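Q: Provided herewith: entry11.txt, compact mmCIF, C-alpha atoms and all ligand atoms.
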# COMPACT_ATOMS: atom_id res chain seq x y z
CA MET A 605 123.62 113.12 15.95
CA ILE A 606 124.53 114.74 19.28
CA LYS A 607 124.75 112.61 22.37
CA THR A 608 122.05 113.68 24.81
CA VAL A 609 121.89 113.32 28.60
CA ASP A 610 118.97 112.93 31.01
CA ILE A 611 119.01 115.79 33.49
CA LYS A 612 116.43 114.06 35.75
CA ASN A 613 119.02 111.35 36.18
CA MET A 614 121.60 113.69 37.70
CA SER A 615 122.49 114.18 41.33
CA PHE A 616 123.06 117.76 42.41
CA GLU A 617 126.82 117.32 42.09
CA GLU A 618 126.48 115.73 38.67
CA CYS A 619 124.30 118.62 37.54
CA ARG A 620 126.92 121.13 38.69
CA GLY A 621 129.53 119.17 36.75
CA PHE A 622 127.26 119.17 33.72
CA PHE A 623 126.90 122.95 33.77
CA ALA A 624 130.64 123.31 34.27
CA SER A 625 131.13 121.23 31.12
CA LEU A 626 128.91 123.72 29.27
CA GLY A 627 131.03 126.58 30.62
CA GLU A 628 128.18 127.72 32.88
CA PRO A 629 128.41 128.73 36.55
CA ALA A 630 127.52 126.20 39.25
CA TYR A 631 124.43 128.13 40.38
CA ARG A 632 122.70 127.09 37.17
CA ALA A 633 122.35 123.65 38.76
CA ASP A 634 120.41 125.22 41.65
CA GLN A 635 118.18 127.09 39.25
CA VAL A 636 117.42 124.11 37.04
CA PHE A 637 116.92 121.82 40.03
CA GLU A 638 114.37 124.19 41.48
CA TRP A 639 112.45 124.28 38.23
CA LEU A 640 112.66 120.53 37.73
CA HIS A 641 112.15 119.12 41.20
CA GLY A 642 110.55 122.09 42.98
CA LYS A 643 108.14 123.56 40.44
CA ARG A 644 108.05 120.39 38.28
CA THR A 645 108.43 122.46 35.14
CA ALA A 646 108.05 120.40 31.98
CA SER A 647 110.01 122.55 29.53
CA TYR A 648 113.14 124.69 29.51
CA ASP A 649 111.13 127.47 27.87
CA GLU A 650 109.45 128.11 31.20
CA MET A 651 112.75 128.41 33.08
CA THR A 652 112.69 132.17 32.79
CA ASN A 653 115.78 132.92 34.87
CA LEU A 654 117.97 131.06 32.35
CA PRO A 655 119.27 132.95 29.30
CA VAL A 656 117.33 132.06 26.17
CA SER A 657 120.49 130.73 24.49
CA LEU A 658 121.12 128.36 27.42
CA ARG A 659 117.52 127.16 27.31
CA ARG A 660 118.04 126.32 23.64
CA THR A 661 121.28 124.48 24.32
CA LEU A 662 119.67 122.50 27.14
CA ALA A 663 116.72 121.50 24.96
CA GLU A 664 119.25 120.08 22.52
CA VAL A 665 121.75 118.36 24.80
CA ALA A 666 119.47 117.43 27.70
CA PRO A 667 115.97 117.17 26.24
CA LEU A 668 113.20 116.93 28.83
CA ARG A 669 110.90 113.98 28.33
CA PRO A 670 107.79 114.45 30.45
CA PRO A 671 106.61 111.33 32.27
CA GLU A 672 104.21 109.32 30.17
CA VAL A 673 101.15 108.21 32.11
CA LEU A 674 99.67 105.24 30.27
CA ALA A 675 96.86 104.45 32.69
CA VAL A 676 95.48 105.52 36.05
CA HIS A 677 93.27 103.27 38.19
CA SER A 678 91.75 104.47 41.44
CA SER A 679 90.26 102.22 44.07
CA PRO A 680 87.58 103.27 46.53
CA GLY A 681 89.95 102.16 49.31
CA GLY A 682 92.31 105.08 48.70
CA ALA A 683 94.94 103.61 46.38
CA THR A 684 95.67 104.95 42.92
CA LYS A 685 97.86 102.98 40.55
CA TYR A 686 99.72 104.76 37.77
CA LEU A 687 101.23 102.89 34.84
CA ILE A 688 104.22 104.89 33.63
CA GLY A 689 105.66 104.38 30.12
CA LEU A 690 109.44 104.38 29.73
CA ALA A 691 111.34 105.65 26.69
CA ASP A 692 112.29 102.12 25.60
CA GLY A 693 108.69 100.90 25.50
CA ASN A 694 108.72 99.21 28.91
CA ALA A 695 106.34 100.31 31.65
CA VAL A 696 106.30 100.27 35.46
CA GLU A 697 103.65 100.79 38.09
CA THR A 698 103.66 103.18 41.02
CA VAL A 699 100.93 103.34 43.66
CA LEU A 700 99.73 106.37 45.63
CA MET A 701 98.17 105.55 48.99
CA GLU A 702 96.04 107.81 51.10
CA HIS A 703 96.74 107.47 54.83
CA ASP A 704 95.56 109.52 57.77
CA TYR A 705 99.15 110.79 58.10
CA GLY A 706 99.42 111.87 54.46
CA LEU A 707 100.06 110.61 50.96
CA SER A 708 102.53 107.81 50.55
CA LEU A 709 103.98 106.69 47.23
CA CYS A 710 105.11 103.15 46.48
CA VAL A 711 107.91 103.41 43.89
CA SER A 712 109.23 100.70 41.54
CA SER A 713 113.00 100.29 41.28
CA GLN A 714 113.26 97.78 38.42
CA VAL A 715 111.29 96.60 35.39
CA GLY A 716 110.30 93.13 36.55
CA CYS A 717 112.36 91.53 39.30
CA GLY A 718 115.06 88.88 39.37
CA MET A 719 114.51 87.65 42.90
CA GLY A 720 111.89 85.05 42.05
CA CYS A 721 109.98 84.97 45.35
CA ALA A 722 107.43 82.19 44.94
CA PHE A 723 104.36 84.21 45.96
CA CYS A 724 105.02 87.51 44.16
CA ALA A 725 103.72 88.71 40.78
CA SER A 726 106.54 91.15 40.09
CA GLY A 727 109.09 88.40 39.53
CA LEU A 728 106.96 86.11 37.38
CA GLU A 729 108.76 87.11 34.21
CA GLY A 730 112.16 87.77 35.73
CA LEU A 731 114.22 90.93 35.65
CA VAL A 732 114.06 93.08 32.54
CA ARG A 733 116.33 95.90 33.71
CA ASN A 734 117.15 98.39 36.42
CA LEU A 735 115.36 101.72 36.42
CA THR A 736 117.49 104.83 36.20
CA CYS A 737 117.17 107.46 38.87
CA GLY A 738 115.38 109.64 36.30
CA GLU A 739 112.79 106.92 35.72
CA MET A 740 112.11 106.76 39.46
CA ILE A 741 111.85 110.56 39.51
CA ASP A 742 109.30 110.29 36.71
CA GLN A 743 107.09 108.19 39.01
CA ILE A 744 106.95 110.81 41.77
CA LEU A 745 106.77 113.59 39.18
CA ALA A 746 103.78 112.08 37.35
CA VAL A 747 101.93 111.41 40.60
CA SER A 748 102.74 114.85 42.04
CA ASN A 749 101.39 116.45 38.87
CA GLY A 750 98.25 114.35 39.22
CA ILE A 751 97.80 115.43 42.84
CA ALA A 752 98.42 119.09 41.99
CA ASN A 753 95.62 119.01 39.42
CA GLU A 754 93.14 117.77 41.98
CA SER A 755 94.19 119.20 45.32
CA PRO A 756 96.95 121.79 45.01
CA ASN A 757 97.67 121.86 48.74
CA ARG A 758 98.54 118.20 49.04
CA ARG A 759 101.84 116.49 48.32
CA VAL A 760 103.53 113.12 48.54
CA SER A 761 104.92 113.09 52.08
CA SER A 762 106.45 109.63 52.26
CA VAL A 763 107.98 107.16 49.83
CA VAL A 764 108.31 103.41 50.12
CA MET A 765 110.58 101.52 47.73
CA MET A 766 108.11 98.65 47.57
CA GLY A 767 107.01 98.61 43.97
CA SER A 768 108.34 96.11 41.47
CA GLY A 769 112.00 95.24 41.74
CA GLU A 770 114.61 94.77 44.42
CA PRO A 771 115.95 98.20 45.45
CA LEU A 772 119.25 96.89 46.83
CA ALA A 773 119.94 95.15 43.51
CA ASN A 774 119.84 98.62 41.92
CA TYR A 775 121.69 100.25 44.78
CA ASP A 776 123.37 103.29 43.23
CA ASN A 777 120.34 104.49 41.29
CA VAL A 778 118.04 103.99 44.29
CA LEU A 779 120.36 105.89 46.62
CA LYS A 780 120.71 108.72 44.13
CA PHE A 781 116.90 108.86 43.89
CA VAL A 782 116.50 108.83 47.67
CA ARG A 783 118.93 111.74 48.07
CA LEU A 784 117.26 113.65 45.25
CA ILE A 785 113.72 113.42 46.65
CA ASN A 786 115.09 114.53 50.01
CA TRP A 787 116.40 117.78 48.46
CA LYS A 788 114.74 120.50 50.51
CA ARG A 789 113.75 122.79 47.67
CA GLY A 790 112.44 119.89 45.61
CA TYR A 791 110.18 117.10 46.85
CA GLY A 792 111.54 117.60 50.39
CA ILE A 793 110.78 114.09 51.60
CA GLY A 794 112.48 113.57 54.95
CA TYR A 795 114.76 110.53 55.16
CA ARG A 796 112.68 109.25 58.06
CA HIS A 797 109.75 109.17 55.67
CA ILE A 798 111.58 107.03 53.13
CA THR A 799 111.53 103.24 53.42
CA ILE A 800 113.85 100.93 51.51
CA SER A 801 112.50 97.41 51.33
CA THR A 802 114.65 94.38 50.56
CA CYS A 803 114.17 90.67 50.17
CA GLY A 804 117.37 90.31 52.19
CA ILE A 805 120.50 91.21 50.23
CA VAL A 806 122.92 91.25 53.14
CA PRO A 807 125.83 93.17 51.55
CA GLY A 808 123.34 95.86 50.47
CA ILE A 809 121.99 96.16 54.02
CA ARG A 810 125.52 96.50 55.36
CA ARG A 811 126.34 99.13 52.76
CA LEU A 812 123.15 101.05 53.52
CA ALA A 813 124.06 101.11 57.21
CA GLN A 814 127.24 103.02 56.27
CA GLU A 815 125.44 105.78 54.33
CA GLY A 816 124.49 107.75 57.43
CA LEU A 817 120.94 108.28 56.15
CA PRO A 818 118.13 107.78 58.68
CA VAL A 819 115.92 105.92 56.20
CA THR A 820 113.75 103.04 57.37
CA LEU A 821 114.96 99.59 56.44
CA SER A 822 112.20 97.12 55.75
CA VAL A 823 113.10 93.47 55.35
CA SER A 824 110.81 90.93 53.69
CA LEU A 825 111.30 88.05 56.08
CA HIS A 826 108.19 85.89 55.63
CA ALA A 827 109.56 82.93 57.61
CA PRO A 828 111.44 82.35 60.87
CA ASP A 829 113.60 79.46 59.65
CA ASP A 830 115.72 78.54 56.63
CA HIS A 831 113.59 75.57 55.66
CA THR A 832 110.38 77.58 55.25
CA ARG A 833 112.13 80.68 53.92
CA SER A 834 114.20 78.91 51.26
CA ALA A 835 111.04 77.31 49.88
CA LEU A 836 109.53 80.78 49.44
CA MET A 837 112.52 82.98 48.61
CA LYS A 838 115.52 81.99 46.48
CA ILE A 839 117.63 84.70 48.10
CA ASN A 840 117.60 82.69 51.33
CA GLN A 841 119.94 80.16 49.76
CA VAL A 842 122.50 82.93 49.36
CA TYR A 843 121.86 84.83 52.62
CA PRO A 844 120.21 82.56 55.18
CA VAL A 845 118.07 83.79 58.06
CA GLY A 846 120.89 83.91 60.64
CA GLN A 847 123.11 86.12 58.46
CA LEU A 848 120.17 88.32 57.52
CA ILE A 849 119.06 88.98 61.10
CA GLU A 850 122.64 89.68 62.15
CA ALA A 851 122.93 92.34 59.41
CA CYS A 852 119.58 93.84 60.47
CA VAL A 853 120.58 93.98 64.13
CA ASP A 854 123.83 95.69 63.12
CA TYR A 855 121.79 98.10 60.99
CA ALA A 856 119.56 98.97 63.94
CA ASN A 857 122.57 99.38 66.24
CA SER A 858 124.54 101.60 63.91
CA THR A 859 121.65 103.78 62.74
CA GLY A 860 119.47 103.73 65.86
CA ARG A 861 116.56 103.01 63.54
CA ARG A 862 114.06 100.29 64.20
CA VAL A 863 113.97 97.67 61.44
CA THR A 864 110.61 96.68 60.00
CA TYR A 865 110.12 93.02 59.14
CA GLU A 866 107.46 92.34 56.56
CA TYR A 867 105.81 88.99 57.02
CA SER A 868 103.33 87.92 54.34
CA LEU A 869 101.06 85.31 55.87
CA ILE A 870 100.42 82.44 53.47
CA GLY A 871 97.69 79.96 54.32
CA GLY A 872 99.13 76.66 55.55
CA VAL A 873 102.73 77.64 54.73
CA ASN A 874 104.06 80.10 57.33
CA ASP A 875 101.01 81.14 59.33
CA SER A 876 100.89 78.71 62.26
CA ARG A 877 101.18 79.62 65.93
CA ASP A 878 104.42 77.68 65.95
CA HIS A 879 105.84 79.91 63.20
CA ALA A 880 104.83 82.94 65.26
CA LEU A 881 106.56 81.58 68.37
CA ARG A 882 109.74 80.90 66.42
CA LEU A 883 109.58 84.36 64.87
CA ALA A 884 109.23 85.88 68.34
CA ARG A 885 112.30 83.95 69.52
CA LEU A 886 114.26 85.07 66.47
CA LEU A 887 113.44 88.76 66.87
CA GLY A 888 112.99 89.05 70.63
CA GLY A 889 115.22 91.73 72.15
CA THR A 890 116.03 93.40 68.81
CA LEU A 891 114.93 96.88 67.80
CA CYS A 892 112.14 95.88 65.45
CA HIS A 893 108.57 96.02 64.33
CA VAL A 894 106.71 93.28 62.48
CA ASN A 895 104.20 94.14 59.79
CA LEU A 896 101.93 91.26 58.86
CA ILE A 897 100.56 91.21 55.31
CA PRO A 898 97.82 88.65 54.67
CA LEU A 899 98.79 87.24 51.26
CA ASN A 900 97.37 89.03 48.27
CA PRO A 901 96.41 86.33 45.84
CA VAL A 902 98.41 86.02 42.61
CA PRO A 903 96.65 83.28 40.62
CA GLU A 904 99.81 81.89 38.95
CA THR A 905 101.51 81.15 42.27
CA GLY A 906 98.86 78.87 43.72
CA PHE A 907 99.27 80.18 47.27
CA ALA A 908 96.25 80.82 49.46
CA ARG A 909 95.29 83.61 51.81
CA PRO A 910 95.47 82.78 55.50
CA SER A 911 92.25 82.60 57.49
CA GLN A 912 91.35 85.67 59.56
CA GLU A 913 91.65 83.45 62.61
CA ALA A 914 95.26 82.53 61.70
CA VAL A 915 96.13 86.21 61.19
CA ASN A 916 94.70 87.13 64.59
CA VAL A 917 96.41 84.26 66.41
CA PHE A 918 99.72 85.08 64.71
CA ALA A 919 99.51 88.75 65.68
CA CYS A 920 98.45 87.96 69.27
CA THR A 921 101.28 85.45 69.69
CA LEU A 922 103.86 88.01 68.60
CA ARG A 923 102.38 90.76 70.74
CA SER A 924 102.26 88.56 73.82
CA ALA A 925 105.95 87.88 73.29
CA GLY A 926 106.57 91.64 73.36
CA ILE A 927 107.10 92.10 69.62
CA GLU A 928 105.46 95.23 68.26
CA THR A 929 103.17 94.01 65.50
CA THR A 930 100.82 95.62 63.03
CA ILE A 931 98.58 94.09 60.39
CA ARG A 932 98.87 95.94 57.12
CA ARG A 933 95.78 97.81 56.15
CA GLU A 934 94.45 96.29 52.95
CA MET A 935 94.84 98.73 50.13
CA GLY A 936 94.70 98.40 46.40
CA GLY A 937 93.83 94.71 46.22
CA ASP A 938 90.82 95.49 44.09
CA ILE A 939 92.99 97.11 41.42
CA ASP A 940 95.93 94.67 41.66
CA ALA A 941 97.99 97.38 43.30
CA ALA A 942 98.61 95.67 46.62
CA CYS A 943 101.94 94.18 47.75
CA GLY A 944 103.27 91.67 45.31
CA GLN A 945 100.59 92.29 42.72
CA LEU A 946 102.49 94.81 40.61
CA ARG A 947 103.56 93.56 37.25
CA ARG A 948 104.08 94.78 33.73
CA ARG A 949 100.40 94.53 33.00
CA TRP A 950 100.47 95.07 29.29
CA ALA A 951 104.12 95.26 28.31
CA GLY A 952 105.02 92.79 25.61
CA ARG A 953 102.17 90.50 26.51
CA PRO A 954 100.57 88.50 23.76
CA GLY A 955 97.04 89.74 23.33
CA ALA A 956 97.66 92.70 25.61
CA SER A 957 95.88 95.84 24.57
CA ASP A 958 97.76 98.72 23.04
CA PRO A 959 98.77 100.97 25.93
CA SER A 960 98.04 104.11 23.93
CA LYS A 961 94.41 103.02 23.85
CA ARG A 962 94.35 102.43 27.58
CA ARG A 963 95.28 105.96 28.49
CA ASP A 964 93.22 107.23 31.41
CA GLU A 965 91.31 104.00 31.50
CA GLY A 966 89.54 103.68 34.80
CA GLY A 967 89.69 107.41 35.43
CA ARG A 968 90.44 109.06 38.72
CA ASP A 969 86.98 109.18 40.21
N1 LIG A 1001 111.94 93.45 46.52
C1 LIG A 1001 111.66 94.23 47.70
C2 LIG A 1001 110.60 95.25 47.43
C3 LIG A 1001 109.21 94.70 47.22
S1 LIG A 1001 108.25 95.18 48.55
C4 LIG A 1001 111.32 93.30 48.85
O1 LIG A 1001 111.25 92.11 48.63
O2 LIG A 1001 111.19 93.77 49.97
C5 LIG A 1001 106.82 94.24 48.38
C6 LIG A 1001 106.49 93.45 49.62
O3 LIG A 1001 105.33 92.66 49.37
C7 LIG A 1001 107.59 92.47 50.00
O4 LIG A 1001 107.61 92.31 51.38
C8 LIG A 1001 107.10 91.22 49.31
O5 LIG A 1001 107.72 90.07 49.81
C9 LIG A 1001 105.63 91.28 49.61
N2 LIG A 1001 104.81 90.49 48.72
C10 LIG A 1001 105.13 90.02 47.50
N3 LIG A 1001 104.11 89.32 46.98
C11 LIG A 1001 103.12 89.37 47.88
C12 LIG A 1001 101.80 88.85 47.90
N4 LIG A 1001 101.32 88.18 46.88
N5 LIG A 1001 101.06 89.12 48.99
C13 LIG A 1001 101.54 89.82 50.02
N6 LIG A 1001 102.77 90.33 50.06
C14 LIG A 1001 103.56 90.11 49.00
The structure in this file should be written as structure tokens.
Ligand code: SAH

A:
Amino acid sequence: MIKTVDIKNMSFEECRGFFASLGEPAYRADQVFEWLHGKRTASYDEMTNLPVSLRRTLAEVAPLRPPEVLAVHSSPGGATKYLIGLADGNAVETVLMEHDYGLSLCVSSQVGCGMGCAFCASGLEGLVRNLTCGEMIDQILAVSNGIANESPNRRVSSVVMMGSGEPLANYDNVLKFVRLINWKRGYGIGYRHITISTCGIVPGIRRLAQEGLPVTLSVSLHAPDDHTRSALMKINQVYPVGQLIEACVDYANSTGRRVTYEYSLIGGVNDSRDHALRLARLLGGTLCHVNLIPLNPVPETGFARPSQEAVNVFACTLRSAGIETTIRREMGGDIDAACGQLRRRWAGRPGASDPSKRRDEGGRD
């Protein structure tokens, strides 16, 4: 049996190297990349500027597996969740969100998650494995195909690495993906429209600062002190709040980019006025923006939503202290597609329905 490779998993340079290994000129990489990432062509047969013999060779050594969409659920609020099947039988979710500024895609970086944040559904069953770059490409490819069928003039214009998984724990594949979707003749997503979210892996933040890419760093903070944060997020025992904020301030200084702090408000846990005052002291004077996310309930975790009153007081307290603050627009909660609700819905679950029977369930209405 011949050993095959996944061409969607290749950076531009790797693709050039691949064609060199086949004895082909480097410009073949440009051609194939345009078909794959620009026109989203599903088969080598359609790549008409490649010699027929090369198309045959490619089909053998680098077979193209189209993304497998197992289910699509749309919510009236403007979120559409896609369940994407992977070649090994696992599945991940990706969520398309409709904003007034365009279409934003929330991409998963791992199957499951190993970070074990106490309030999040994605980590309930631990980490299964990292996604390859090609498997992240399949998420934007499947969704872009879906959009093209409905409204040909629209496209994904921003990407947030906020699906299941911890992007900085899958650093190389995520960075390869980010560079690939930025490719001008492909998805053409500007770096400023790409957000990498982390639970706070300090060495990853420091490494990202060195890449010279103007992507937005988003940090899931959720608490202003080690006591509260360690109870919610295991990672805080490795990289406590002080170290984390120092890395974020350095990131902002070296990239000139404002850091976003995500703060999920959990009723009675981290949502008091006192927490807000301490958060303001922690972040005051740094180049930042706080995004408040009222907790999306995950039944297994036992945490409660904050009251609307607590959310308002928290936001007002931060704003009065001069911290730019937004409250995340609720999206996708009705289809379990909101922050922290993504999980492997059916995969390997006892009693779960056969995914092949769930295809197109829910419809895109
Ligand atoms: N692992 C990365 C990427 C996930 S992003 C990270 O931690 O940043 C998803 C965001 O939603 C994170 O800020 C996460 O902490 C938050 N979140 C997780 N569960 C949530 C829940 N139940 N309600 C609201 N926000 C949640």

Q: Of the residues A:Ile606, A:Ile793, A:Cys721, A:Ala646, which is the one nearest to ligand LIG 1001 (chain A), using all atoms listed in the file?

A: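 Nearest candidate to ligand LIG 1001 (chain A) out of A:Ile606, A:Ile793, A:Cys721, A:Ala646: A:Cys721.
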
Q: Listing only residues of chain A within 7 Å of ligand LIG 1001 (chain A), what is the closest atom pair and its distance in Å (to one decimal) for each, using all atoms listed in the file, sorted by chain and residue number ascending, as a tab-separated table?

A:
residue	atom	partner	partner_atom	distance
A:Phe723	CA	A:LIG1001	N4	5.1
A:Cys724	CA	A:LIG1001	N3	3.5
A:Ala725	CA	A:LIG1001	N3	6.2
A:Met765	CA	A:LIG1001	C2	6.3
A:Met766	CA	A:LIG1001	S1	3.6
A:Gly767	CA	A:LIG1001	C3	5.5
A:Ser768	CA	A:LIG1001	C3	6.0
A:Gly769	CA	A:LIG1001	N1	5.1
A:Glu770	CA	A:LIG1001	N1	3.6
A:Pro771	CA	A:LIG1001	C1	6.3
A:Ser801	CA	A:LIG1001	O2	4.1
A:Thr802	CA	A:LIG1001	O2	3.6
A:Cys803	CA	A:LIG1001	O1	3.6
A:Ser822	CA	A:LIG1001	O2	6.8
A:Val823	CA	A:LIG1001	O2	5.7
A:Ser824	CA	A:LIG1001	O4	4.2
A:Glu866	CA	A:LIG1001	O4	5.2
A:Tyr867	CA	A:LIG1001	O4	6.8
A:Ser868	CA	A:LIG1001	N6	4.9
A:Ile897	CA	A:LIG1001	C13	5.6
A:Pro898	CA	A:LIG1001	C13	6.1
A:Leu899	CA	A:LIG1001	N5	3.7
A:Asn900	CA	A:LIG1001	N5	3.8
A:Pro901	CA	A:LIG1001	N4	5.3
A:Val902	CA	A:LIG1001	N4	5.6
A:Cys943	CA	A:LIG1001	O3	4.1
A:Gly944	CA	A:LIG1001	N3	3.0
A:Gln945	CA	A:LIG1001	N4	5.9

Q: With a distance cut-off of 9 Å and all atoms listed in the file, select the neighbouring residues of stretch 738-745 of chain A, excluding the residue or stretch itself and same-chain residues fewer than 6 positions from it, and output the selection as a list in words.

A: Asp610, Ile611, Lys612, Asn613, Met614, His641, Arg644, Pro670, Pro671, Glu672, Tyr686, Leu687, Ile688, Leu690, Val696, Glu697, Thr698, Leu709, Val711, Ser712, Ser713, Val760, Val763, Asn777, Val778, Phe781, Leu784, Ile785 and Tyr791 of chain A

Q: So how many Å separate atom CA of A:Thr608 and atom CA of A:Pro667, to one decimal?

A: 7.2 Å

Q: So, counting all atoms listed in the file, which residue among A:Leu707, A:Ala722, A:Leu731, A:Leu881 is closest to A:Lys838?

A: A:Ala722

Q: Counting all atoms listed in the file, which of A:Ala675, A:Val917, A:Ile849, A:Met701 gets nearest to A:Arg885?

A: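 Closest to A:Arg885, using all atoms listed in the file: A:Ile849.
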
Q: List the residues sitting within 8 Å of (123.0, 103.3, 59.8) in the file's frame, using only C-alpha atoms, as a PyMOL selection string.

A: chain A and resi 812-818+855-861

Q: To one decimal place, how far is atom CA of A:Leu825 from atom CA of A:Thr864 in Å?

A: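 Atom CA of A:Thr864 lies 9.5 Å from atom CA of A:Leu825.
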
Q: So the first atom is atom CA of A:Phe637 and the second is atom CA of A:Glu617; what is the distance between them in Å, to one decimal place?

A: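 The value is 11.1 Å.
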
Q: Between A:Ala624, A:Lys643, A:Leu728, A:Arg882, which is the closest to A:Ala752 once you count all atoms listed in the file?

A: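 Among A:Ala624, A:Lys643, A:Leu728, A:Arg882, it is A:Lys643 that comes nearest to A:Ala752.
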
Q: Taking all atoms listed in the file into account, name the residue in A:Thr905, A:Ser678, A:Ala880, A:Lys788 that is nearest to A:Gly727.

A: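 Nearest to A:Gly727: A:Thr905.
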
Q: Pick the closest to A:Leu883 from A:Thr921, A:Thr930, A:Asn916, A:Thr645: which is it, counting all atoms listed in the file?

A: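 Nearest to A:Leu883: A:Thr921.
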
Q: Give as number ranges by chain each residue that has an atom at most 12 Å from (96.3, 87.8, 61.9) in the file, counting all atoms listed in the file.

A: A: 867-871, 874-877, 880, 894-899, 909-923, 929-933

Q: Draw an axis-aligned box tight on the listed atoms of stretch 829-842 of chain A, then pad every side by 5 Å and write out centre and edge lengths in Å to one decimal as lines of an AutoDock Vina configuration file.

A:
center_x = 116.0
center_y = 80.1
center_z = 53.1
size_x = 23.0
size_y = 19.1
size_z = 23.2
